[in-house]
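A.B. asks: One file: model38.cif (mmCIF, C-alpha atoms and all ligand atoms).
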```cif
data_model
loop_
_atom_site.label_atom_id
_atom_site.label_comp_id
_atom_site.auth_asym_id
_atom_site.auth_seq_id
_atom_site.Cartn_x
_atom_site.Cartn_y
_atom_site.Cartn_z
CA MET A 1131 -0.06 -17.32 9.65
CA GLY A 1132 1.83 -20.54 8.81
CA LEU A 1133 5.21 -21.21 7.28
CA TYR A 1134 4.15 -20.30 3.72
CA ASN A 1135 2.78 -16.88 4.69
CA ASP A 1136 5.47 -16.18 7.30
CA GLN A 1137 8.55 -17.24 5.35
CA PHE A 1138 7.73 -17.43 1.65
CA VAL A 1139 5.25 -14.60 1.00
CA PRO A 1140 7.42 -11.79 2.49
CA ARG A 1141 10.34 -12.96 0.29
CA LEU A 1142 8.06 -13.11 -2.75
CA VAL A 1143 6.74 -9.62 -1.94
CA ASN A 1144 10.29 -8.35 -1.49
CA LEU A 1145 11.30 -9.65 -4.91
CA ALA A 1146 8.13 -8.74 -6.83
CA CYS A 1147 7.69 -5.33 -5.25
CA GLY A 1148 11.41 -4.64 -5.51
CA MET A 1149 11.43 -4.84 -9.32
CA ARG A 1150 13.04 -1.73 -10.78
CA PHE A 1151 10.08 -0.95 -13.04
CA ASN A 1152 8.10 -0.08 -9.88
CA ASN A 1153 10.48 2.72 -8.96
CA PRO A 1154 9.03 5.47 -11.20
CA LEU A 1155 5.58 4.67 -9.76
CA ARG A 1156 6.91 4.85 -6.20
CA LYS A 1157 8.54 8.20 -6.98
CA ARG A 1158 5.30 9.63 -8.36
CA THR A 1159 3.28 8.29 -5.43
CA CYS A 1160 5.61 9.63 -2.75
CA ALA A 1161 5.84 13.11 -4.32
CA GLY A 1162 4.15 15.65 -2.07
CA LEU A 1163 4.26 13.55 1.11
CA HIS A 1164 5.03 15.79 4.04
CA GLY A 1165 5.07 16.01 7.82
CA ARG A 1166 4.26 12.92 9.87
CA VAL A 1167 3.47 10.00 7.57
CA VAL A 1168 1.84 6.66 8.33
CA GLU A 1169 2.73 3.94 5.81
CA ILE A 1170 0.28 1.05 5.69
CA GLY A 1171 1.78 -2.26 4.53
CA PHE A 1172 5.38 -1.10 4.74
CA GLY A 1173 6.60 -4.47 3.41
CA SER A 1174 10.37 -4.51 3.11
CA GLY A 1175 10.69 -0.75 2.82
CA HIS A 1176 10.96 -0.24 -0.93
CA ASN A 1177 9.45 3.26 -0.66
CA VAL A 1178 12.14 4.50 1.73
CA PRO A 1179 14.48 5.91 -0.97
CA PHE A 1180 11.56 7.88 -2.42
CA TYR A 1181 10.39 9.77 0.67
CA PRO A 1182 10.77 13.47 -0.13
CA ALA A 1183 12.74 15.77 2.17
CA THR A 1184 9.44 17.28 3.38
CA VAL A 1185 8.68 14.06 5.33
CA LYS A 1186 9.44 14.49 9.06
CA SER A 1187 8.86 10.92 10.26
CA VAL A 1188 7.36 7.63 9.10
CA SER A 1189 5.27 5.29 11.27
CA ALA A 1190 5.35 1.95 9.51
CA VAL A 1191 2.48 -0.54 9.86
CA GLU A 1192 3.47 -4.04 8.80
CA PRO A 1193 2.39 -7.46 10.11
CA ALA A 1194 5.21 -9.52 8.56
CA ASP A 1195 8.26 -9.74 10.84
CA LEU A 1196 10.35 -11.01 7.93
CA GLY A 1197 9.28 -8.07 5.74
CA TRP A 1198 10.49 -5.69 8.47
CA LYS A 1199 13.76 -7.64 8.76
CA LEU A 1200 14.33 -7.45 5.00
CA ALA A 1201 13.84 -3.66 5.22
CA ALA A 1202 16.79 -3.18 7.61
CA GLY A 1203 19.31 -2.02 4.98
CA ARG A 1204 16.93 0.53 3.49
CA ILE A 1205 15.93 1.82 6.94
CA ALA A 1206 19.61 2.23 7.84
CA GLN A 1207 20.08 4.46 4.77
CA ALA A 1208 16.98 6.56 5.46
CA THR A 1209 17.23 10.29 6.03
CA VAL A 1210 14.04 10.40 8.15
CA PRO A 1211 13.19 8.52 11.36
CA ILE A 1212 11.20 5.35 10.65
CA GLU A 1213 9.65 3.18 13.34
CA ARG A 1214 7.57 0.03 13.14
CA ALA A 1215 4.63 1.48 15.00
CA GLY A 1216 1.85 -0.97 14.20
CA LEU A 1217 1.09 -4.47 12.95
CA ASP A 1218 -2.36 -4.18 11.39
CA GLY A 1219 -3.89 -1.47 9.23
CA GLN A 1220 -7.32 -2.53 10.48
CA SER A 1221 -6.49 -1.38 14.01
CA LEU A 1222 -4.04 1.51 14.17
CA PRO A 1223 -2.43 2.19 17.57
CA PHE A 1224 -2.45 5.97 17.14
CA PRO A 1225 -4.60 8.82 18.47
CA ASP A 1226 -6.97 10.69 16.16
CA ASN A 1227 -5.65 13.40 13.82
CA CYS A 1228 -1.94 12.75 14.26
CA PHE A 1229 -0.61 12.39 10.68
CA GLU A 1230 -0.48 14.85 7.81
CA ALA A 1231 -0.23 12.09 5.22
CA ALA A 1232 -0.60 8.36 4.65
CA LEU A 1233 1.06 6.11 2.09
CA SER A 1234 -0.13 2.83 0.61
CA THR A 1235 1.62 1.07 -2.26
CA TRP A 1236 0.10 -2.22 -3.41
CA THR A 1237 -1.50 -2.86 -0.02
CA ILE A 1238 -5.21 -2.00 -0.48
CA CYS A 1239 -5.35 -5.24 -2.50
CA THR A 1240 -4.33 -7.32 0.51
CA ILE A 1241 -5.78 -6.01 3.80
CA PRO A 1242 -8.75 -8.30 4.53
CA ASP A 1243 -11.21 -5.70 5.90
CA ILE A 1244 -10.19 -2.77 3.74
CA ALA A 1245 -13.20 -0.62 4.75
CA THR A 1246 -12.14 -0.79 8.42
CA ALA A 1247 -8.51 -0.09 7.52
CA LEU A 1248 -9.40 3.00 5.49
CA ALA A 1249 -11.70 4.23 8.27
CA GLU A 1250 -8.68 3.89 10.56
CA VAL A 1251 -6.50 5.83 8.12
CA ARG A 1252 -9.10 8.60 8.02
CA ARG A 1253 -9.30 8.65 11.82
CA VAL A 1254 -5.55 9.16 12.24
CA LEU A 1255 -5.19 11.73 9.44
CA VAL A 1256 -5.69 15.39 10.24
CA PRO A 1257 -8.65 16.98 8.41
CA GLY A 1258 -7.40 17.70 4.90
CA GLY A 1259 -4.71 15.02 5.27
CA THR A 1260 -3.81 13.05 2.17
CA LEU A 1261 -3.52 9.38 1.29
CA HIS A 1262 -0.98 8.79 -1.49
CA PHE A 1263 -1.55 5.50 -3.25
CA VAL A 1264 -0.54 3.24 -6.08
CA GLU A 1265 -2.51 0.02 -6.23
CA HIS A 1266 -3.26 -2.69 -8.72
CA GLY A 1267 -6.96 -3.46 -8.97
CA LEU A 1268 -10.05 -3.78 -11.09
CA ALA A 1269 -9.19 -3.07 -14.73
CA PRO A 1270 -11.14 -0.56 -16.82
CA ASP A 1271 -11.98 -3.20 -19.48
CA PRO A 1272 -14.83 -5.66 -18.86
CA LYS A 1273 -12.96 -8.54 -20.57
CA VAL A 1274 -9.98 -8.08 -18.31
CA GLN A 1275 -12.30 -7.75 -15.30
CA LEU A 1276 -13.81 -11.13 -16.14
CA TRP A 1277 -10.37 -12.77 -15.90
CA GLN A 1278 -9.61 -10.87 -12.72
CA HIS A 1279 -12.75 -12.27 -11.08
CA ARG A 1280 -11.98 -15.78 -12.34
CA LEU A 1281 -8.36 -15.78 -11.19
CA ASN A 1282 -8.92 -13.99 -7.90
CA PRO A 1283 -9.28 -17.12 -5.71
CA ILE A 1284 -5.95 -18.48 -7.01
CA GLN A 1285 -4.20 -15.15 -6.53
CA LYS A 1286 -5.53 -14.86 -2.98
CA ALA A 1287 -4.32 -18.34 -2.09
CA ILE A 1288 -0.78 -17.98 -3.45
CA ALA A 1289 -0.07 -14.31 -2.80
CA GLY A 1290 -0.86 -13.79 0.88
CA GLY A 1291 -4.49 -12.73 0.44
CA CYS A 1292 -3.87 -10.30 -2.44
CA ASN A 1293 -6.99 -9.56 -4.53
CA LEU A 1294 -6.86 -8.84 -8.25
CA ASP A 1295 -10.26 -7.26 -8.58
CA ARG A 1296 -10.71 -4.55 -5.96
CA ASP A 1297 -12.15 -1.32 -7.36
CA ILE A 1298 -9.66 1.13 -5.89
CA ARG A 1299 -11.51 4.38 -6.63
CA ALA A 1300 -14.82 3.02 -5.31
CA ILE A 1301 -13.19 1.65 -2.15
CA LEU A 1302 -11.58 5.02 -1.41
CA GLU A 1303 -14.79 6.95 -2.06
CA ASP A 1304 -16.86 4.53 0.03
CA ALA A 1305 -14.45 5.21 2.89
CA GLY A 1306 -15.20 8.94 2.60
CA PHE A 1307 -12.03 10.03 0.81
CA GLU A 1308 -12.22 12.63 -1.93
CA VAL A 1309 -10.16 11.26 -4.79
CA ARG A 1310 -8.28 14.34 -5.91
CA ASP A 1311 -6.01 12.84 -8.56
CA ILE A 1312 -6.18 9.39 -10.03
CA ASP A 1313 -4.38 7.92 -13.00
CA VAL A 1314 -5.64 4.51 -14.12
CA PHE A 1315 -3.39 2.69 -16.57
CA TYR A 1316 -1.85 -0.65 -17.48
CA GLY A 1317 1.79 -1.16 -16.54
CA GLU A 1318 4.04 -2.70 -19.16
CA ASP A 1319 5.45 -5.39 -16.92
CA GLY A 1320 2.92 -8.23 -17.16
CA PRO A 1321 -0.57 -9.33 -18.15
CA LYS A 1322 -3.32 -6.73 -17.87
CA PHE A 1323 -5.14 -8.58 -15.11
CA VAL A 1324 -2.23 -7.83 -12.72
CA THR A 1325 -0.95 -4.55 -14.11
CA ALA A 1326 -4.11 -2.41 -14.00
CA GLN A 1327 -2.80 0.36 -11.74
CA SER A 1328 -4.48 3.26 -9.95
CA LEU A 1329 -2.10 5.97 -8.79
CA GLY A 1330 -3.09 9.17 -7.08
CA VAL A 1331 -3.91 11.19 -4.01
CA ALA A 1332 -7.10 11.09 -1.94
CA VAL A 1333 -8.04 13.71 0.64
CA SER A 1334 -9.67 13.01 4.00
CA PRO A 1335 -12.13 15.91 4.33
C1 LIG A 1401 2.12 -6.47 -1.98
S1 LIG A 1401 2.80 -6.06 -0.45
C2 LIG A 1401 3.33 -4.36 -0.67
C3 LIG A 1401 4.47 -3.99 0.23
C4 LIG A 1401 4.96 -2.54 0.12
N1 LIG A 1401 3.90 -1.58 0.32
C5 LIG A 1401 5.64 -2.27 -1.20
O1 LIG A 1401 5.16 -1.44 -1.98
O2 LIG A 1401 6.69 -2.87 -1.46
C6 LIG A 1401 1.41 -5.92 0.66
C7 LIG A 1401 1.86 -5.66 2.09
O3 LIG A 1401 0.70 -5.52 2.93
C8 LIG A 1401 0.99 -6.14 4.16
N2 LIG A 1401 -0.26 -6.42 4.89
C9 LIG A 1401 -1.02 -7.53 4.84
N3 LIG A 1401 -2.05 -7.45 5.70
C10 LIG A 1401 -1.93 -6.23 6.31
C11 LIG A 1401 -2.68 -5.57 7.30
N4 LIG A 1401 -3.76 -6.13 7.86
N5 LIG A 1401 -2.26 -4.35 7.69
C12 LIG A 1401 -1.17 -3.77 7.14
N6 LIG A 1401 -0.42 -4.35 6.20
C13 LIG A 1401 -0.80 -5.57 5.78
C14 LIG A 1401 1.77 -7.38 3.76
O4 LIG A 1401 2.47 -7.96 4.83
C15 LIG A 1401 2.68 -6.81 2.69
O5 LIG A 1401 3.86 -6.32 3.21
#
```
Spell out the structure here as structure tokens.
Ligand SMILES: C[S@@+](CC[C@H](N)C(=O)[O-])C[C@H]1O[C@@H](n2cnc3c(N)ncnc32)[C@H](O)[C@@H]1O
C.D. replies:
Amino acid sequence: MGLYNDQFVPRLVNLACGMRFNNPLRKRTCAGLHGRVVEIGFGSGHNVPFYPATVKSVSAVEPADLGWKLAAGRIAQATVPIERAGLDGQSLPFPDNCFEAALSTWTICTIPDIATALAEVRRVLVPGGTLHFVEHGLAPDPKVQLWQHRLNPIQKAIAGGCNLDRDIRAILEDAGFEVRDIDVFYGEDGPKFVTAQSLGVAVSP
């Protein structure tokens, strides 16, 4: 991974993802989670305060050791059991059909082989299981999209492989999810090329 990605990126992610304006989006995304939950790209645990009481357990998948370390305080305050159960969303160490729900917040942008990762999420979800997501990605406006494509190589290089221009709905549908609810909007916290958000729930049939 290298010093930059091991030491700097998890701190950057902790700060950027920990901004308060993300909290209402986390709350909306986590609403309705229940049973056994797998969280892909757990980061430093900023979703932990928003897990509803209907969640029985959380299996966290996170490659960054420092991210996991920075999550310690939030994990200590959690009201549900949380374990770091995997390191890579592209290869989940779980049997088939063992989670009722999955959670991904600002992670579909980053996982290199996202098709494989979402196939893995579908494999471990029970039939009818849900993936709750909020992701930044391809904007609805062609002019903004143009800038997203232009700036993507820079973003990838400085932000741990994060892509600006992934089409979230298309990626989920290509993976076989039925996108049940999706809200596509610009956040108010930055330029449109980074704040085009997709928030919703997708069902694994
Ligand atoms: C932008 S951060 C979001 C973190 C967290 N979900 C949040 O909302 O605060 C993206 C996360 O994806 C993680 N990640 C990168 N590659 C991954 C992979 N192959 N599998 C699972 N997570 C990965 C990163 O380490 C990072 O924690």
A.B. asks: For ligand LIG 1401 (chain A), list the contacting residues at 8 Å or closer, counting only C-alpha atoms and all ligand atoms, as a PyMOL selection string.
C.D. replies: chain A and resi 1140+1143-1144+1147-1148+1156+1169-1177+1191-1194+1197+1217-1220+1234-1243+1247+1290-1292
A.B. asks: Have a look at CA of Glu1303 (chain A) and CA of Pro1257 (chain A) and let me know their distance in Å, one decimal.
C.D. replies: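 So the answer is 15.7 Å.
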A.B. asks: Which residue out of A:Lys1322, A:His1164, A:Arg1158, A:Arg1150 has the minimum interatomic distance to Val1188 (chain A) when all atoms listed in the file are used?
C.D. replies: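 For Val1188 (chain A), the nearest of the given residues is A:His1164.
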A.B. asks: Expressed in Å to a single decimal, how great is the separation between CA of Gly1259 (chain A) and CA of Pro1225 (chain A)?
C.D. replies: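 According to the coordinates, CA of Gly1259 (chain A) and CA of Pro1225 (chain A) are separated by 14.6 Å.
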A.B. asks: Within 10 Å of Ile1298 (chain A), counting all atoms listed in the file, which residues show up once you throw out same-chain ones fewer than 3 positions away? Write them as a list in words, please.
C.D. replies: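 My list of contacting residues is Ile1238, Cys1239, Phe1263, Val1264, Glu1265, His1266, Gly1267, Leu1268, Ala1269, Asp1295, Ile1301, Leu1302, Glu1303, Asp1304, Ile1312, Val1314, Gln1327, Ser1328 and Leu1329 of chain A.
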A.B. asks: Got time to write the residues from that selection, C-alpha atoms, as an mmCIF file, in the coordinates of the input?
C.D. replies:
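Contents of the output file selection-v6.cif:
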```cif
data_model
loop_
_atom_site.group_PDB
_atom_site.id
_atom_site.type_symbol
_atom_site.label_atom_id
_atom_site.label_comp_id
_atom_site.auth_asym_id
_atom_site.auth_seq_id
_atom_site.Cartn_x
_atom_site.Cartn_y
_atom_site.Cartn_z
ATOM 1 C CA ILE A 1238 -5.210 -2.000 -0.480
ATOM 2 C CA CYS A 1239 -5.350 -5.240 -2.500
ATOM 3 C CA PHE A 1263 -1.550 5.500 -3.250
ATOM 4 C CA VAL A 1264 -0.540 3.240 -6.080
ATOM 5 C CA GLU A 1265 -2.510 0.020 -6.230
ATOM 6 C CA HIS A 1266 -3.260 -2.690 -8.720
ATOM 7 C CA GLY A 1267 -6.960 -3.460 -8.970
ATOM 8 C CA LEU A 1268 -10.050 -3.780 -11.090
ATOM 9 C CA ALA A 1269 -9.190 -3.070 -14.730
ATOM 10 C CA ASP A 1295 -10.260 -7.260 -8.580
ATOM 11 C CA ILE A 1301 -13.190 1.650 -2.150
ATOM 12 C CA LEU A 1302 -11.580 5.020 -1.410
ATOM 13 C CA GLU A 1303 -14.790 6.950 -2.060
ATOM 14 C CA ASP A 1304 -16.860 4.530 0.030
ATOM 15 C CA ILE A 1312 -6.180 9.390 -10.030
ATOM 16 C CA VAL A 1314 -5.640 4.510 -14.120
ATOM 17 C CA GLN A 1327 -2.800 0.360 -11.740
ATOM 18 C CA SER A 1328 -4.480 3.260 -9.950
ATOM 19 C CA LEU A 1329 -2.100 5.970 -8.790
#
```
A.B. asks: Need to verify the contact set: Ala1215 (chain A), 8 Å, all atoms listed in the file, exclusion of same-chain residues closer than 4 positions in sequence. Can you return it as a list in words?
C.D. replies: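 Listing them by chain and then by number gives Ser1189, Ala1190, Val1191 and Pro1223 of chain A.
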A.B. asks: Looking at all atoms listed in the file, which of A:Gly1165, A:Val1324, A:Thr1209, A:Trp1198 is the one that sits closest to Phe1180 (chain A)?
C.D. replies: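 Result for the nearest residue to Phe1180 (chain A): A:Thr1209.
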A.B. asks: Calculated over only C-alpha atoms, which of the candidates A:Gln1278, A:Ser1334, A:Asn1293, A:Asn1135 has the smallest distance to Arg1253 (chain A)?
C.D. replies: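 Closest residue, counting only C-alpha atoms: A:Ser1334.
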A.B. asks: Please indicate the distance in Å from CA of Leu1133 (chain A) to CA of Glu1250 (chain A), rounded to one decimal place.
C.D. replies: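 Between CA of Leu1133 (chain A) and CA of Glu1250 (chain A) the gap works out to 28.9 Å.
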A.B. asks: Given the choices A:Gly1317, A:Pro1283, A:Gly1203, A:Gly1132, which gets closest to Phe1151 (chain A) if the distance is worked out from only C-alpha atoms?
C.D. replies: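 Of all the options, A:Gly1317 lies closest to Phe1151 (chain A).
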A.B. asks: Could you check which of A:Ile1284, A:Val1167, A:Leu1294, A:Ala1183 is closest to Cys1228 (chain A), using all atoms listed in the file?
C.D. replies: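 Using all atoms listed in the file, Cys1228 (chain A) sits closest to A:Val1167.
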A.B. asks: Name the closest residue to Ala1202 (chain A) among the candidates A:Asp1136, A:Val1178, A:Asn1282, A:Phe1224; distances are taken between atoms, counting only C-alpha atoms.
C.D. replies: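 Distance minimum relative to Ala1202 (chain A) lands on A:Val1178.
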A.B. asks: Would you compute the box with edges along x, y and z of the file around region 1246-1251 of chain A, including every atom the file lists for it and 3 Å extra on each side, and give its centre and edge lengths in Å to one decimal, as lines of an AutoDock Vina configuration file?
C.D. replies:
```
center_x = -9.3
center_y = 2.5
center_z = 8.0
size_x = 11.6
size_y = 12.6
size_z = 11.1
```
A.B. asks: Provide region 1215-1226 of chain A rebuilt to N, CA and C atoms, formatted as a PDB file, in the coordinates of the input.
C.D. replies:
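What ended up in out_33.pdb:
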```pdb
ATOM      1  N   ALA A1215       5.513   0.984  13.953  1.00  0.00           N
ATOM      2  CA  ALA A1215       4.630   1.480  15.000  1.00  0.00           C
ATOM      3  C   ALA A1215       3.344   0.677  15.109  1.00  0.00           C
ATOM      4  N   GLY A1216       3.092  -0.207  14.158  1.00  0.00           N
ATOM      5  CA  GLY A1216       1.850  -0.970  14.200  1.00  0.00           C
ATOM      6  C   GLY A1216       1.975  -2.231  13.373  1.00  0.00           C
ATOM      7  N   LEU A1217       1.039  -3.155  13.602  1.00  0.00           N
ATOM      8  CA  LEU A1217       1.090  -4.470  12.950  1.00  0.00           C
ATOM      9  C   LEU A1217      -0.094  -4.713  12.035  1.00  0.00           C
ATOM     10  N   ASP A1218      -1.135  -3.874  12.133  1.00  0.00           N
ATOM     11  CA  ASP A1218      -2.360  -4.180  11.390  1.00  0.00           C
ATOM     12  C   ASP A1218      -3.067  -2.884  11.005  1.00  0.00           C
ATOM     13  N   GLY A1219      -3.213  -2.670   9.707  1.00  0.00           N
ATOM     14  CA  GLY A1219      -3.890  -1.470   9.230  1.00  0.00           C
ATOM     15  C   GLY A1219      -5.349  -1.391   9.667  1.00  0.00           C
ATOM     16  N   GLN A1220      -5.904  -2.514  10.076  1.00  0.00           N
ATOM     17  CA  GLN A1220      -7.320  -2.530  10.480  1.00  0.00           C
ATOM     18  C   GLN A1220      -7.507  -2.012  11.910  1.00  0.00           C
ATOM     19  N   SER A1221      -6.405  -1.839  12.624  1.00  0.00           N
ATOM     20  CA  SER A1221      -6.490  -1.380  14.010  1.00  0.00           C
ATOM     21  C   SER A1221      -5.212  -0.597  14.314  1.00  0.00           C
ATOM     22  N   LEU A1222      -5.263   0.704  14.071  1.00  0.00           N
ATOM     23  CA  LEU A1222      -4.040   1.510  14.170  1.00  0.00           C
ATOM     24  C   LEU A1222      -3.859   2.022  15.604  1.00  0.00           C
ATOM     25  N   PRO A1223      -2.663   1.818  16.167  1.00  0.00           N
ATOM     26  CA  PRO A1223      -2.430   2.190  17.570  1.00  0.00           C
ATOM     27  C   PRO A1223      -2.021   3.656  17.731  1.00  0.00           C
ATOM     28  N   PHE A1224      -2.781   4.546  17.104  1.00  0.00           N
ATOM     29  CA  PHE A1224      -2.450   5.970  17.140  1.00  0.00           C
ATOM     30  C   PHE A1224      -3.687   6.768  17.546  1.00  0.00           C
ATOM     31  N   PRO A1225      -3.463   7.943  18.176  1.00  0.00           N
ATOM     32  CA  PRO A1225      -4.600   8.820  18.470  1.00  0.00           C
ATOM     33  C   PRO A1225      -5.189   9.413  17.184  1.00  0.00           C
ATOM     34  N   ASP A1226      -6.343  10.029  17.308  1.00  0.00           N
ATOM     35  CA  ASP A1226      -6.970  10.690  16.160  1.00  0.00           C
ATOM     36  C   ASP A1226      -6.083  11.850  15.680  1.00  0.00           C
TER      37      ASP A1226
END
```
